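Encoded as structure tokens, the structure appears first; notes follow it.
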Amino acid sequence: MPGLRHALRGVGLALLLALPAAALAWLADVGAEGGTDDAVRVQVSAAGAVDGRLPFRSTGEGAITARVAFTLPEGEGDRWVLWLSRDALDEVRAWAPGWAPPAQHFHAAPDDAFPAGYAFPLPAEWRGAHVVQLSLAGGVRAAPRPRIISDRTMLRIVARDRAIASAIYAAMLTLAIAALALYAAVRDRAFLWFALYACTGLLLAAAMNGHLVAVLPRSLLAAAGAGGFWATMLVFAGVGVRTVLRYAVAGESEALGAWRLLPWAYVAAAVVALLAPHAWAAWIGWLANLGWIAAVSASFVLVYAAARRGVSMAVAMLLLLGLVGFAGGAHELMQSGRLPDNAWTRYGYQCALVLFSVVLYVGLCSRVGAVRQRLDDEAQARRASEQRLRREQVRGDLASQLQAALRDTDDGAVASTAFGLLADAAQRLLGCGSAAVLVEAYLGDPGLRLHGTDPASAVGRSAMAERGGIREAALAGTPVVLRLGDGARGGDGAGADHVVVPLAARAGGWGALVVRLPLQCVPDQAELAALDGIARLVVLHAQEAHAAAQLRRTAELDSLTCTLNRHSLDRVAADAFAARQGTASPLSVLFIDLDWFKPINDTHGHACGDHCLRAVAQALCGQLRPGDVVGRYGGEEFLVLLPGSDAAAARVLAERLRRTIEGLGIEWEGRRIRVTASFGLAGMREQDTGLASLLSRADKALYQAKREGRNCVRAASAYAE
């Protein structure tokens with residue numbers, strides 16, 4: 001049933017196009033002739049003349065000379081014209097005693113860009129019987145019929161032929177422009193071939209009607225002669241077969257197979273026709289006609305195969321191909337003198353070609369949907385590939401940034417650094433929105449923290465206000481899109497879509513990447529999966545960096561007092577000394593040694609001594625300023641670095657530390673342990689050539705404090721050597 005419906009539609013369209021065109025051609029033909037025979041009967045006498053027509057095959061036969069006898073009516077009336085239809089004649093010459101008008105040529109129209117025939121106006125005074133000699137030199141096969149008609153009849157014929165030719169040219173040009181427009185829109189080369197087909201069809205019609213003189217130089221047309229005419233026909237036939245092939249076969253080169261070579265065979269034949277000597281015109285004409293028949297036959301086979309597959313408009317094209325073949329055969333019979341010369345036989349095949357071209361164009365247009373779908377699929381695949389590459393690029397850049405940023409990051413800065421990079425990467429991956437990371441009890445920090453954005457931002461306000469819902473989504477373990485309200489005072493209250501991507505956490509903690517989405521920004525599953533992937537990547541790097549920072553910290557700290565150990569103190573002190581050497585920035589050091597510590601160990605045990613050391617270290621850390629450094633230098637001795645403090649400021653701090661230690665109430669097994677400490681102080685001087693000299697002076701000051709009774713502060717400046 002679907003095939004029958006296609007066939008009926010095709011037949012209907014063919015009839016819809018063909019019947020009005022046929023009616024117009026019939027009316028044009030009748031109107032041009034006035035419904036009667038010529039007013040003046042002529043008698044043509046020439047070798048080979050048949051029923052008043054002068055048939056010849058090609059230029060090789062030479063010129064034909066004929067005698068045209070007629071009798072003009074007496075009295076005043078119409079002006080009479082010797083008229084021949086517009087056949088491809090190299091030269092038409094007429095003369096009589098006392099009358100010799102200029103010769104006319106097929107490729108020359110000095111007064112008319114679109115001539116319809118060869119017109120020789122007879123002298124106005126001629127009446128009665130006359131004889132005119134006629135000489136015809138042919139270019140291609142033709143059978144001209146000399147006629148004597150009135151000037152009014154000639155004008156009607158000229159108007160008819162001009163109207164038909166103009167309609168044919170306009171139709172083919174319009175089809176070519178429309179095909180180029182569609183090619184620009186869908187980039188299907190079938191429309192490019194159709195545009196070339198329409199242009200060559202326009203060129204062929206202009207060549208056969210003798211109107212190429214309007215656009216091409218006469219010398220070029222005269223040099224090409226009949227070969228140019230046949231070459232144009234062959235090129236059009238080859239391009240036509242190629243266009244029908246693109247319509248009938250939807251695939252590309254693999255599906256076209258050997259058919260692809262056929263148009264090039266026509267092009268080769270056209271080159272031969274163009275370069276062949278004029279003596280070969282008859283043979284070239286037969287070759288061109290055979291090529292034309294082969295092109296129509298091949299097109300019929302291709303369209304028939306397309307019709308069997310249900311290709312749109314194939315049935316209508318079959319009918320119109322039959323009409324093209326029939327009209328072309330009628331034209332050839334007219335040129336041979338076997339059919340009358342009228343609008344049907346002269347222009348019927350050109351009109352049939354226009355109708356076929358219209359249907360072929362409609363059939364190709366039916367492929368626009370499929371081509372558009374293919375282009376959309378290709379564009380979608382290209383966009384998907386670009387997005388995939390962009391996501392991989394973001395992931396690769398993020399991995400590099402994490403490795404560089406977290407290499408030596410302190411334990412406390414790991415989360416802010418890693419999650420700040422995650423928020424930036426999420427925005428770059430989606431290409432829209434703003435992002436933040438909300439974590440609680442994460443990476444050793446027990447509090448609720450917001451990373452990657454200002455807490456006053458829209459995403460920051462939404463994340464903090466809706467942390468309960470975000471926590472539930474994070475614990476679910478799957479990326480989701482949620483609508484969260486602003487939650488901030490003065491917020492818009494309308495809420496916005498947010499992507500919530502859970503972060504892997506140890507028991508008791510949770511975390512989530514939160515991305516606030518603007519309108520028209522809806523991530524697909526691939527983007528959600530990519531966000532989940534970069535979140536896992538960041539968590540992995542952050543946990544590794546956190547573990548590495550803890551390991552470094554363990555290696556740097558004294559296990560008993562949790563202050564810096566001797567190795568770390570030496571490194572930090574050397575860096576501080578080098579940074580201030582040669583500058584005006586002061587640096588002071590304190591050596592602190594607990595008094596009578598050995599008796600404490602001996603009397604109460606080493607556990608009590610360790611307890612005292614921890615209490616003293618905690619007291620020191622509580623009194624120092626940010627930037628000051630304390631560490632256990634060995635045994636019961638501590639070293640304090642005071643960057644930015646001169647000796648006077650260091651002495652004030654040392655006294656405060658001494659009193660703090662003296663006032664400690666250390667309890668051990670129900671007993672109160674009294675602890676005091678001696679302090680040695682030294683400030684960095686220009687004479688200090690290295691850290692060792694500074695520490696040596698502070699150490700000497702400490703021993704002086706010991707000698708002077710302990711539990712006191714002594715400065716090295718008073719004991720300089």
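Convention: chains lettered A, B, ... in structure tokens order; per-chain residue numbering from 1; ligands numbered from 1 as shown.
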Per DSSP on the backbone, filter stretch 374-610 of chain A down to the residues in strand (DSSP E or B) and report them as a count of residues only. 46
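Using only C-alpha atoms, the nearest neighbour of A:Phe191 within the list A:Leu569, A:Leu364, A:Val68, A:Val480 is A:Leu364.
Relative to atom CA of A:Arg697, atom CA of A:Arg714 is found at 10.7 Å.
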Find the residues around stretch 595-612 of chain A up to 10 Å (only C-alpha atoms counted), leave out those fewer than 2 positions away in its own chain, and share them as a count of residues only. 28
Quick one: of A:Arg391, A:Arg41, A:Arg162, A:Arg367, who's nearest to A:Arg189, counting only C-alpha atoms? A:Arg367
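With distances taken over only C-alpha atoms, A:Cys351 is the one residue among A:Thr478, A:Phe70, A:Ala94, A:Cys351 lying closest to A:Gly201.
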Residues within 8 Å of stretch 113-118 of chain A, please, as a list of chain:residue names. Count only C-alpha atoms; anything in the same chain fewer than 5 positions from it doesn't count.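 Counting only C-alpha atoms, the residues come to A:Trp83, A:Leu84, A:Ser85, A:Arg86, A:Asp87, A:Val92, A:Gln104, A:Ile157, A:Val158, A:Asp161, A:Arg162, A:Asn209, A:Gly210, A:His211, A:Val213, A:Ala214.
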